[in-house]
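File shown: model_13.txt (compact mmCIF, C-alpha atoms).
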```txt
# COMPACT_ATOMS: atom_id res chain seq x y z
CA MET U 1 69.43 110.92 99.18
CA ILE U 2 70.58 109.28 102.41
CA ALA U 3 74.02 107.66 102.46
CA ILE U 4 75.36 105.37 105.20
CA VAL U 5 79.18 105.24 105.28
CA THR U 6 80.76 102.37 107.23
CA ASP U 7 84.19 101.84 108.78
CA VAL U 8 84.92 105.52 109.24
CA HIS U 9 88.14 104.96 111.16
CA TYR U 10 89.72 104.66 107.72
CA ARG U 11 90.95 108.04 106.49
CA MET U 12 89.67 107.24 102.98
CA SER U 13 86.10 107.57 104.30
CA LEU U 14 86.45 111.34 104.65
CA ALA U 15 86.55 112.02 100.91
CA LEU U 16 83.34 110.04 100.53
CA ILE U 17 81.60 111.82 103.41
CA ARG U 18 82.64 115.29 102.30
CA ASP U 19 81.81 114.89 98.61
CA CYS U 20 78.38 113.38 99.26
CA SER U 21 77.37 115.89 101.92
CA GLN U 22 78.53 118.90 99.92
CA ALA U 23 76.37 117.66 97.03
CA GLY U 24 73.30 117.66 99.26
CA ALA U 25 73.17 114.08 100.56
CA GLU U 26 72.39 113.32 104.19
CA VAL U 27 75.33 111.32 105.49
CA ILE U 28 75.08 108.86 108.38
CA THR U 29 78.26 107.18 109.57
CA CYS U 30 78.72 103.99 111.56
CA GLU U 31 81.67 102.32 113.23
CA TRP U 32 82.40 99.39 115.52
CA GLU U 33 82.37 100.03 119.27
CA GLY U 34 86.03 99.11 119.54
CA HIS U 35 86.96 102.45 118.01
CA ARG U 36 84.95 104.48 120.53
CA ASP U 37 87.34 106.54 122.68
CA ASN U 38 90.31 104.78 121.08
CA PRO U 39 92.96 107.49 120.57
CA ALA U 40 95.16 105.14 118.54
CA SER U 41 92.40 104.36 116.00
CA PRO U 42 89.65 107.00 116.22
CA ALA U 43 86.51 107.00 114.10
CA LEU U 44 87.68 109.94 111.99
CA GLY U 45 84.56 110.19 109.88
CA SER U 46 82.32 110.56 112.93
CA LEU U 47 84.09 113.84 113.72
CA SER U 48 83.37 115.44 110.36
CA ARG U 49 81.02 118.39 110.37
CA TYR U 50 79.44 116.94 107.24
CA VAL U 51 77.91 114.01 109.17
CA SER U 52 74.28 114.32 110.25
CA ARG U 53 74.36 111.33 112.62
CA HIS U 54 76.86 108.75 113.84
CA VAL U 55 75.99 105.26 115.10
CA TRP U 56 78.19 102.92 117.16
CA LEU U 57 77.72 99.25 116.28
CA PRO U 58 78.32 96.23 118.58
CA GLU U 59 81.22 94.11 117.34
CA ASP U 60 80.03 90.61 118.21
CA GLN U 61 76.99 90.36 115.92
CA GLY U 62 78.47 90.27 112.42
CA VAL U 63 76.60 92.31 109.82
CA GLU U 64 73.32 92.33 111.77
CA PRO U 65 73.79 95.81 113.32
CA THR U 66 74.54 97.30 109.88
CA LEU U 67 71.48 95.58 108.44
CA GLU U 68 69.32 96.87 111.29
CA LEU U 69 70.59 100.42 110.80
CA CYS U 70 69.58 100.30 107.14
CA ARG U 71 66.16 98.89 108.08
CA GLU U 72 65.68 101.62 110.68
CA VAL U 73 66.44 104.37 108.17
CA LEU U 74 64.09 102.79 105.62
CA GLU U 75 61.23 102.60 108.12
CA GLU U 76 61.80 106.14 109.40
CA ARG U 77 62.29 107.86 106.06
CA GLY U 78 60.50 105.65 103.53
CA GLU U 79 63.66 105.54 101.43
CA ARG U 80 66.34 102.89 101.12
CA PRO U 81 69.66 104.44 102.14
CA ALA U 82 72.68 104.05 99.88
CA LEU U 83 75.01 101.77 101.83
CA LEU U 84 78.67 102.57 101.11
CA PRO U 85 81.00 99.96 102.69
CA VAL U 86 84.50 101.37 103.18
CA GLY U 87 86.27 98.44 104.87
CA ALA U 88 87.17 95.29 102.94
CA ALA U 89 85.69 93.00 105.61
CA THR U 90 82.39 94.87 105.65
CA LEU U 91 82.24 94.91 101.86
CA ALA U 92 82.81 91.14 101.68
CA ALA U 93 80.19 90.45 104.37
CA VAL U 94 77.58 92.67 102.71
CA ALA U 95 78.25 91.16 99.28
CA ALA U 96 77.87 87.64 100.71
CA ASP U 97 74.51 88.57 102.29
CA ARG U 98 73.27 90.55 99.30
CA GLN U 99 69.66 89.34 99.29
CA ARG U 100 68.89 90.59 102.79
CA PHE U 101 70.67 93.89 102.28
CA ASP U 102 68.90 94.54 98.97
CA ALA U 103 65.63 94.56 100.91
CA VAL U 104 66.66 97.49 103.12
CA CYS U 105 69.28 99.52 101.23
CA GLY U 106 70.79 100.32 97.86
CA LEU U 107 74.12 98.80 96.88
CA ALA U 108 76.63 99.27 94.07
CA VAL U 109 79.20 96.65 95.09
CA PRO U 110 80.90 93.64 93.51
CA THR U 111 79.57 90.11 93.80
CA PRO U 112 81.45 87.62 96.00
CA GLU U 113 82.70 85.96 92.82
CA GLN U 114 84.08 89.23 91.48
CA LEU U 115 85.78 89.93 94.80
CA ASP U 116 87.38 86.49 94.85
CA LEU U 117 88.58 86.84 91.27
CA PHE U 118 90.17 90.26 91.67
CA ASN U 119 91.66 89.33 95.06
CA SER U 120 93.39 86.26 93.58
CA LYS U 121 96.67 87.27 91.97
CA GLU U 122 96.95 84.00 90.06
CA ARG U 123 93.43 84.06 88.62
CA LEU U 124 93.68 87.76 87.84
CA ALA U 125 96.98 87.31 86.00
CA ALA U 126 95.50 84.50 83.90
CA LEU U 127 92.44 86.58 83.01
CA ALA U 128 94.57 89.64 82.21
CA ALA U 129 96.82 87.64 79.92
CA SER U 130 93.78 86.28 78.05
CA LEU U 131 92.67 89.87 77.41
CA ASP U 132 96.11 91.08 76.27
CA VAL U 133 96.65 93.07 79.45
CA PRO U 134 100.39 92.92 80.24
CA VAL U 135 101.39 91.27 83.53
CA PRO U 136 104.83 90.70 85.07
CA LYS U 137 106.58 87.47 84.16
CA SER U 138 105.88 84.77 86.75
CA PHE U 139 108.06 81.91 87.95
CA SER U 140 106.88 78.56 89.32
CA MET U 141 108.53 75.58 90.90
CA GLU U 142 108.92 72.52 88.74
CA ALA U 143 107.69 69.09 89.80
CA GLY U 144 109.93 67.69 92.52
CA GLU U 145 111.99 70.89 92.75
CA SER U 146 113.00 72.11 96.21
CA VAL U 147 112.49 75.68 97.32
CA GLU U 148 116.26 76.06 97.70
CA ALA U 149 116.86 75.01 94.09
CA PHE U 150 113.96 77.12 92.84
CA VAL U 151 115.14 80.39 94.37
CA ARG U 152 118.66 79.91 93.04
CA ARG U 153 117.44 80.03 89.45
CA LEU U 154 115.29 83.14 89.94
CA PRO U 155 116.40 86.39 88.26
CA LEU U 156 117.17 88.87 91.01
CA PRO U 157 115.76 91.12 92.22
CA CYS U 158 112.27 89.63 92.07
CA VAL U 159 109.00 90.02 93.97
CA ILE U 160 107.39 87.41 96.22
CA LYS U 161 103.83 87.80 97.54
CA PRO U 162 100.94 85.70 98.82
CA VAL U 163 98.02 84.91 96.52
CA CYS U 164 95.78 87.21 98.57
CA GLY U 165 97.60 89.20 101.24
CA GLU U 166 94.51 91.14 102.23
CA LYS U 167 92.69 88.00 103.40
CA LEU U 168 95.68 87.31 105.65
CA GLY U 169 95.22 90.67 107.36
CA LEU U 170 98.49 92.05 106.02
CA THR U 171 99.01 95.76 105.49
CA ALA U 172 99.85 97.04 102.01
CA ALA U 173 103.56 97.14 102.86
CA GLN U 174 103.48 93.57 104.21
CA ARG U 175 101.82 92.01 101.15
CA TYR U 176 105.00 91.61 99.13
CA ALA U 177 108.76 91.44 99.45
CA ILE U 178 111.41 92.57 96.99
CA VAL U 179 114.24 90.07 97.35
CA ARG U 180 117.80 90.54 96.18
CA SER U 181 119.49 87.30 97.18
CA PRO U 182 118.61 83.58 97.14
CA GLU U 183 118.67 83.59 100.94
CA GLU U 184 116.12 86.41 101.11
CA ALA U 185 113.97 84.72 98.48
CA GLU U 186 113.93 81.42 100.34
CA ALA U 187 113.06 83.07 103.67
CA HIS U 188 110.16 85.09 102.25
CA TYR U 189 108.91 82.17 100.18
CA HIS U 190 108.64 80.00 103.29
CA ARG U 191 107.12 82.88 105.30
CA PHE U 192 104.31 83.57 102.83
CA ALA U 193 103.71 79.86 102.27
CA SER U 194 103.31 79.27 106.01
CA LEU U 195 100.95 82.25 106.36
CA SER U 196 98.62 81.24 103.55
CA GLY U 197 99.07 77.49 103.32
CA GLN U 198 99.78 77.70 99.60
CA ALA U 199 102.67 78.54 97.30
CA PRO U 200 103.23 82.31 96.99
CA VAL U 201 103.39 84.22 93.72
CA VAL U 202 106.87 84.95 92.36
CA GLN U 203 107.21 87.64 89.70
CA ALA U 204 109.85 89.64 87.88
CA TYR U 205 110.76 92.93 89.50
CA LEU U 206 109.73 96.03 87.56
CA SER U 207 111.90 99.09 88.07
CA GLY U 208 109.65 101.80 86.63
CA ALA U 209 106.96 104.11 87.98
CA GLY U 210 104.00 102.91 90.05
CA LEU U 211 100.63 103.76 88.52
CA GLY U 212 96.96 103.21 89.16
CA CYS U 213 93.65 103.41 87.33
CA ASP U 214 90.94 104.37 89.82
CA LEU U 215 87.38 103.80 88.68
CA LEU U 216 83.71 103.30 89.33
CA ALA U 217 81.93 100.70 87.21
CA ASP U 218 78.31 99.66 86.74
CA HIS U 219 77.54 96.20 85.33
CA GLY U 220 80.68 96.03 83.22
CA GLU U 221 80.86 99.65 82.06
CA ILE U 222 83.16 102.31 83.49
CA VAL U 223 81.16 105.26 84.79
CA ALA U 224 84.13 107.47 85.74
CA ALA U 225 87.88 106.98 86.08
CA ILE U 226 91.10 108.81 86.88
CA CYS U 227 94.69 107.61 86.72
CA HIS U 228 97.45 108.40 89.16
CA GLN U 229 101.20 108.04 89.50
CA ARG U 230 103.03 107.40 92.73
CA VAL U 231 105.51 110.16 93.54
CA ARG U 232 106.64 109.04 97.01
CA GLU U 233 105.65 106.21 99.33
CA TYR U 234 105.97 105.45 103.02
CA PRO U 235 107.68 103.40 104.18
CA VAL U 236 110.10 104.02 101.34
CA SER U 237 111.08 100.34 101.21
CA GLY U 238 107.65 99.68 99.71
CA GLY U 239 104.44 101.05 101.19
CA PRO U 240 101.33 103.05 100.36
CA SER U 241 101.58 106.31 98.44
CA SER U 242 102.35 109.32 100.58
CA CYS U 243 102.30 111.57 97.50
CA CYS U 244 100.63 110.96 94.14
CA ARG U 245 99.44 112.97 91.18
CA CYS U 246 96.69 112.64 88.62
CA VAL U 247 97.96 111.71 85.15
CA ASP U 248 96.33 111.15 81.78
CA ARG U 249 96.91 107.50 80.83
CA PRO U 250 94.46 106.21 78.20
CA ASP U 251 96.41 102.94 78.05
CA LEU U 252 95.68 102.17 81.69
CA ARG U 253 92.00 103.01 81.28
CA GLU U 254 91.79 100.69 78.28
CA TYR U 255 93.39 97.80 80.16
CA ALA U 256 91.03 98.34 83.09
CA ARG U 257 88.04 98.59 80.74
CA ARG U 258 88.78 95.16 79.30
CA LEU U 259 88.78 93.54 82.73
CA VAL U 260 85.70 95.43 83.93
CA ARG U 261 83.72 94.51 80.82
CA GLU U 262 84.81 90.87 80.84
CA THR U 263 83.75 90.40 84.46
CA GLY U 264 80.62 92.58 84.39
CA TYR U 265 82.08 94.37 87.40
CA THR U 266 80.09 96.80 89.58
CA GLY U 267 81.60 99.05 92.22
CA LEU U 268 84.82 100.85 93.02
CA ALA U 269 88.22 99.44 92.09
CA MET U 270 91.83 100.49 91.74
CA PHE U 271 93.91 98.70 89.10
CA GLU U 272 97.56 98.89 90.12
CA PHE U 273 100.27 98.92 87.46
CA LYS U 274 104.02 99.28 87.37
CA GLU U 275 106.22 100.16 84.44
CA ASP U 276 109.23 98.18 83.35
CA GLY U 277 112.55 99.80 82.52
CA GLU U 278 111.25 100.82 79.08
CA GLY U 279 108.11 102.50 80.42
CA HIS U 280 105.60 99.75 79.56
CA PRO U 281 102.92 99.23 82.26
CA HIS U 282 102.14 95.81 83.70
CA LEU U 283 99.11 94.98 85.86
CA LEU U 284 100.16 94.00 89.40
CA GLU U 285 96.83 93.63 91.20
CA VAL U 286 93.32 95.00 91.65
CA ASN U 287 91.87 96.43 94.84
CA PRO U 288 88.11 95.79 94.41
CA ARG U 289 87.11 98.33 97.06
CA ILE U 290 88.04 101.79 98.30
CA TRP U 291 91.84 102.13 98.08
CA GLY U 292 94.50 104.11 99.90
CA THR U 293 94.72 107.05 97.47
CA PHE U 294 90.93 107.32 97.15
CA PRO U 295 90.98 110.96 98.42
CA LEU U 296 92.58 111.89 95.07
CA THR U 297 89.13 111.36 93.53
CA ARG U 298 87.96 114.33 95.62
CA VAL U 299 91.09 116.44 95.12
CA THR U 300 90.75 116.13 91.33
CA GLY U 301 87.00 116.84 91.35
CA SER U 302 86.33 113.55 89.57
CA GLY U 303 82.88 113.14 91.10
CA ILE U 304 83.52 109.43 91.78
CA PRO U 305 82.43 109.45 95.48
CA LEU U 306 79.08 111.09 94.70
CA LEU U 307 78.52 108.95 91.61
CA TRP U 308 79.01 105.80 93.71
CA ALA U 309 76.41 107.00 96.20
CA ILE U 310 73.93 107.79 93.41
CA LEU U 311 74.40 104.38 91.79
CA ALA U 312 73.73 102.74 95.16
CA HIS U 313 70.68 104.93 95.79
CA ASN U 314 69.23 104.16 92.39
CA ALA U 315 69.76 100.42 92.88
CA GLY U 316 67.58 100.56 95.99
CA ASN U 317 65.06 103.18 94.87
CA GLY U 318 64.19 102.29 91.30
CA GLY U 319 60.95 104.24 91.49
CA ALA U 320 62.74 107.48 92.39
CA PRO U 321 66.15 107.43 90.69
CA ILE U 322 68.53 110.36 90.78
CA PRO U 323 69.94 111.30 87.37
CA LEU U 324 73.69 110.93 87.15
CA PRO U 325 75.36 114.34 86.89
CA GLU U 326 77.64 115.19 84.01
CA ILE U 327 80.99 113.46 84.50
CA PRO U 328 83.56 116.21 85.13
CA VAL U 329 87.01 116.31 83.59
CA PRO U 330 89.41 115.57 86.47
CA ARG U 331 91.91 118.24 87.40
CA GLN U 332 95.59 117.30 87.09
CA LYS U 333 96.30 117.75 90.81
CA LYS U 334 98.92 116.43 93.20
CA MET U 335 97.94 115.09 96.64
CA ILE U 336 99.90 114.31 99.80
CA PHE U 337 99.26 112.73 103.16
CA ALA U 338 101.36 115.32 104.95
CA ALA U 339 102.63 113.39 107.97
CA SER U 340 103.47 110.27 105.96
CA ASP U 341 105.03 112.28 103.15
CA LEU U 342 107.36 114.22 105.41
CA MET U 343 108.46 110.92 106.96
CA ALA U 344 108.92 109.56 103.44
CA GLY U 345 111.15 112.52 102.59
CA LEU U 346 113.34 111.74 105.60
CA GLY U 347 113.45 108.09 104.60
CA TYR U 348 114.58 108.90 101.08
CA ALA U 349 117.23 111.26 102.44
CA ARG U 350 118.63 108.49 104.65
CA ARG U 351 118.89 106.33 101.54
CA GLY U 352 120.99 108.91 99.75
CA ARG U 353 118.18 110.77 97.93
CA PRO U 354 118.01 114.17 99.71
CA GLY U 355 116.22 115.72 96.73
CA GLN U 356 113.08 113.85 97.70
CA LEU U 357 113.16 115.44 101.16
CA PHE U 358 113.27 118.93 99.65
CA ALA U 359 110.51 117.93 97.22
CA ALA U 360 108.34 116.73 100.12
CA LEU U 361 108.93 119.98 102.00
CA GLY U 362 108.09 121.95 98.88
CA ASP U 363 104.83 120.06 98.36
CA PHE U 364 103.92 120.51 102.03
CA LEU U 365 104.32 124.29 101.71
CA ASN U 366 102.70 124.54 98.27
CA PRO U 367 99.04 125.68 98.58
CA ALA U 368 98.28 124.11 95.19
CA VAL U 369 99.09 120.64 96.59
CA ARG U 370 96.13 119.28 98.55
CA ASP U 371 96.24 117.08 101.63
CA GLY U 372 94.19 113.91 101.29
CA LEU U 373 93.06 114.09 104.90
CA PHE U 374 93.26 117.53 106.50
CA GLU U 375 90.92 120.29 105.31
CA TRP U 376 90.62 123.71 106.97
CA GLY U 377 86.85 123.63 106.56
CA ASP U 378 86.62 120.28 108.38
CA MET U 379 89.56 120.21 110.77
CA LEU U 380 88.54 117.82 113.57
CA PRO U 381 89.15 114.55 111.69
CA GLY U 382 92.62 115.65 110.65
CA LEU U 383 93.54 116.76 114.15
CA ALA U 384 92.30 113.44 115.56
CA TYR U 385 94.40 111.57 113.00
CA TYR U 386 97.58 113.44 113.91
CA ARG U 387 96.84 112.85 117.60
CA SER U 388 96.50 109.12 116.86
CA LEU U 389 99.94 109.12 115.22
CA ILE U 390 101.46 110.61 118.37
CA THR U 391 99.66 108.02 120.51
CA LYS U 392 100.96 105.17 118.36
CA GLU U 393 104.49 106.58 118.50
CA LYS U 394 104.39 106.74 122.32
CA ARG U 395 103.07 103.19 122.56
CA GLY U 396 105.69 101.96 120.10
```

What would the structure in this file look like if it were written as structure tokens?
Amino acid sequence: MIAIVTDVHYRMSLALIRDCSQAGAEVITCEWEGHRDNPASPALGSLSRYVSRHVWLPEDQGVEPTLELCREVLEERGERPALLPVGAATLAAVAADRQRFDAVCGLAVPTPEQLDLFNSKERLAALAASLDVPVPKSFSMEAGESVEAFVRRLPLPCVIKPVCGEKLGLTAAQRYAIVRSPEEAEAHYHRFASLSGQAPVVQAYLSGAGLGCDLLADHGEIVAAICHQRVREYPVSGGPSSCCRCVDRPDLREYARRLVRETGYTGLAMFEFKEDGEGHPHLLEVNPRIWGTFPLTRVTGSGIPLLWAILAHNAGNGGAPIPLPEIPVPRQKKMIFAASDLMAGLGYARRGRPGQLFAALGDFLNPAVRDGLFEWGDMLPGLAYYRSLITKEKRG
């Protein structure tokens, strides 16, 4: 099996590269030229010892260079490579040009319609409610109501976010705001409205734990899944997980199953939940692509990265399919992104929670807690990542 992994400047790509290569796949990576010799955003995956070949792609030709790479591999090897798009933009472009890509590679990705549905918070919430999947209470302006009047009747704190923050190019931490006063609510409402050109989503704030159901699906059926709980995040005001752990949550898997089956979904997805004060989970959003804590799928031995590659291979090579291996039982492991998690510990300490700093230090020193990026057997990507953090800090 030949697997082509795109957008390897994302640290999530390393789990995919390592799992596939260690299972015997030949891994080719590709990245846009803009990341060549860029110390602030290096192509981490290209540095992995598990990569057989890396290809730099010109940035001004859309998906054509990726298509040509797949065609080249097909002509050289007589086998359609499994194309594994890591970046959201690449995934959307490939899905939109599915017919041409199907001719030269194997894909296990969502349709454009499925991407649009799961990326729309309003449409997703409506679908979830119809399937008895709990969602946070939403608030809307009444006809003729001003923004100033609207925010003054909101229960505080509450959450304000654009309908699709990812399409606006916002980072995970920038895609929502927790507001605690009418003045904050009005400012963020206007900000998100001006960015997107449409009214933002306003929801009740949930004070409980952050959770996720991470899965791979094939035509509406879940192939493999794990669930995780956020332990710490960075920035601590609301950002990606810097520490998470695998948890057994059949309720989350059932909620995700309903949505996957209803939509006939194919591909990777992370269903994000948050508990209310009584411990009941509510669906916040779906990331229909590789997500930030994706390396936990490798840490837990879930097999999800390899299974995705096999599904893609089989879609393109129906005459020579690879049998799916037995789905392993995921290990109940904890994972950190060391640099971010130590910064998170400091952030919590500054906010009056020093226990989280000691917990972060303890996890950093605990050999049973795995790093989602750095591995001793494949050190160069991790070292390049830490060097990029120093470069960004100097430039900042």

Practice task
Excluding U:Pro323 and residues on its chain fewer than 5 positions from it, collect all residues at most 10 Å away from it, counting only C-alpha atoms, and give them as a VMD selection string.
Solution key: chain U and resid 307 310 to 311 314

Handout entry: Residue neighbourhood stretch 272-288 of chain U, 6 Å, only C-alpha atoms, exclusion window fewer than 4 positions, as a VMD selection string
Key = chain U and resid 118 134 to 136 206 to 212

Using the selection just defined, write its residues with C-alpha atoms as a short mmCIF file (atom, residue, chain, number, x, y, z; two decimals), in the coordinates of the input.
```cif
data_model
loop_
_atom_site.label_atom_id
_atom_site.label_comp_id
_atom_site.auth_asym_id
_atom_site.auth_seq_id
_atom_site.Cartn_x
_atom_site.Cartn_y
_atom_site.Cartn_z
CA PHE U 118 90.17 90.26 91.67
CA PRO U 134 100.39 92.92 80.24
CA VAL U 135 101.39 91.27 83.53
CA PRO U 136 104.83 90.70 85.07
CA LEU U 206 109.73 96.03 87.56
CA SER U 207 111.90 99.09 88.07
CA GLY U 208 109.65 101.80 86.63
CA ALA U 209 106.96 104.11 87.98
CA GLY U 210 104.00 102.91 90.05
CA LEU U 211 100.63 103.76 88.52
CA GLY U 212 96.96 103.21 89.16
#
```

Handout entry: Polymer residues at most 10 Å from U:Leu156, all atoms listed in the file, same-chain spacing of 4 or more positions, as a VMD selection string
Key = chain U and resid 151 to 152 178 to 182 185 204 to 205

Take the residues just selected and output them with C-alpha atoms as a short mmCIF file (atom, residue, chain, number, x, y, z; two decimals), in the coordinates of the input.
```
data_model
loop_
_atom_site.label_atom_id
_atom_site.label_comp_id
_atom_site.auth_asym_id
_atom_site.auth_seq_id
_atom_site.Cartn_x
_atom_site.Cartn_y
_atom_site.Cartn_z
CA VAL U 151 115.14 80.39 94.37
CA ARG U 152 118.66 79.91 93.04
CA ILE U 178 111.41 92.57 96.99
CA VAL U 179 114.24 90.07 97.35
CA ARG U 180 117.80 90.54 96.18
CA SER U 181 119.49 87.30 97.18
CA PRO U 182 118.61 83.58 97.14
CA ALA U 185 113.97 84.72 98.48
CA ALA U 204 109.85 89.64 87.88
CA TYR U 205 110.76 92.93 89.50
#
```

Problem - Residue list as a ChimeraX atom specification for point (79.8, 86.2, 99.9), cut-off 10 Å, all atoms listed in the file - result: /U:91-98,110-116

Please produce a file of those selected residues containing C-alpha atoms, as a PDB file, in the frame of the given file.
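Final file, again_35.pdb:
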```pdb
ATOM      1  CA  LEU U  91      82.240  94.910 101.860  1.00  0.00           C
ATOM      2  CA  ALA U  92      82.810  91.140 101.680  1.00  0.00           C
ATOM      3  CA  ALA U  93      80.190  90.450 104.370  1.00  0.00           C
ATOM      4  CA  VAL U  94      77.580  92.670 102.710  1.00  0.00           C
ATOM      5  CA  ALA U  95      78.250  91.160  99.280  1.00  0.00           C
ATOM      6  CA  ALA U  96      77.870  87.640 100.710  1.00  0.00           C
ATOM      7  CA  ASP U  97      74.510  88.570 102.290  1.00  0.00           C
ATOM      8  CA  ARG U  98      73.270  90.550  99.300  1.00  0.00           C
ATOM      9  CA  PRO U 110      80.900  93.640  93.510  1.00  0.00           C
ATOM     10  CA  THR U 111      79.570  90.110  93.800  1.00  0.00           C
ATOM     11  CA  PRO U 112      81.450  87.620  96.000  1.00  0.00           C
ATOM     12  CA  GLU U 113      82.700  85.960  92.820  1.00  0.00           C
ATOM     13  CA  GLN U 114      84.080  89.230  91.480  1.00  0.00           C
ATOM     14  CA  LEU U 115      85.780  89.930  94.800  1.00  0.00           C
ATOM     15  CA  ASP U 116      87.380  86.490  94.850  1.00  0.00           C
TER      16      ASP U 116
END
```

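For the atom pair formed by atom CA of U:Leu373 and atom CA of U:Arg253, the distance is 26.1 Å, given to one decimal.
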
Taking 6 positions as the minimum chain separation for residues in the same chain, which residues sit within 8 Å of U:Gly165 when counting only C-alpha atoms? Answer as a PDB file with C-alpha atoms, in the coordinates of the input.
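Done, and the output landed in part29.pdb:
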```
ATOM      1  CA  THR U 171      99.010  95.760 105.490  1.00  0.00           C
ATOM      2  CA  GLN U 174     103.480  93.570 104.210  1.00  0.00           C
ATOM      3  CA  ARG U 175     101.820  92.010 101.150  1.00  0.00           C
TER       4      ARG U 175
END
```

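The shortest atom-to-atom distance to U:Pro325, with only C-alpha atoms taken into account, belongs to U:Gly303 out of U:Gly62, U:Gly303, U:Pro354, U:Pro85.
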
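From atom CA of U:Phe271 back to atom CA of U:Ala23, the distance works out to 27.0 Å.
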
Kindly provide the residues of stretch 282-346 of chain U that approach stretch 75-84 of chain U to within 9 Å, each paired with its closest atom pair and their distance in Å to one decimal, based on all atoms listed in the file, listed by chain and increasing number, as a tab-separated table.
```
residue	atom	partner	partner_atom	distance
U:Trp308	CA	U:Leu84	CA	8.1
U:Ala309	CA	U:Ala82	CA	6.0
U:Ile310	CA	U:Ala82	CA	7.6
U:Leu311	CA	U:Ala82	CA	8.3
U:Ala312	CA	U:Ala82	CA	5.0
U:His313	CA	U:Ala82	CA	4.6
U:Asn314	CA	U:Ala82	CA	8.2
U:Ala315	CA	U:Ala82	CA	8.4
U:Gly316	CA	U:Arg80	CA	5.8
U:Asn317	CA	U:Arg80	CA	6.4
```

Exercise for the section: Give me the residues within 12 Å of U:Ile290 as a ChimeraX atom specification, counting only C-alpha atoms and dropping any in the same chain fewer than 6 places off. Expected result: /U:5-8,10-16,84-91,109-110,214-216,267-271,296-297,304-305,308

Output as lines of an AutoDock Vina configuration file the centre and edge lengths (Å, one decimal) of the box along x, y and z of the file that holds every listed atom of stretch 67-79 of chain U after adding 3 Å on each side.
```
center_x = 66.0
center_y = 101.7
center_z = 106.4
size_x = 17.0
size_y = 18.3
size_z = 15.9
```

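Closest to U:His228 among U:Ala40, U:Met335, U:Ala320, U:Leu47 is U:Met335, based on all atoms listed in the file.
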
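Atom pair atom CA of U:Met343 / atom CA of U:Tyr385: separated by 15.3 Å.
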
Problem - From U:Ser194, U:Ser388, U:Gln99, U:Ser130, residue lying nearest U:Ala339 [only C-alpha atoms] - result: U:Ser388

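Of the residues under consideration (U:Pro155, U:Gly347, U:Pro321, U:Gly362), U:Gly347 shows the shortest atom-to-atom contact distance to U:Pro235 when counting only C-alpha atoms.
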
Counting only C-alpha atoms, what are the residues of stretch 170-239 of chain U within 12 Å of stretch 119-123 of chain U, and for each of them which pair of atoms is the nearest and at what distance in Å, to one decimal? Sort the table by chain and rising number, as a tab-separated table.
```
residue	atom	partner	partner_atom	distance
U:Arg175	CA	U:Lys121	CA	11.5
U:Tyr176	CA	U:Lys121	CA	11.8
U:Gln198	CA	U:Glu122	CA	11.8
U:Ala199	CA	U:Glu122	CA	10.7
U:Pro200	CA	U:Glu122	CA	9.5
U:Val201	CA	U:Glu122	CA	7.4
U:Val202	CA	U:Glu122	CA	10.2
U:Gln203	CA	U:Lys121	CA	10.8
```
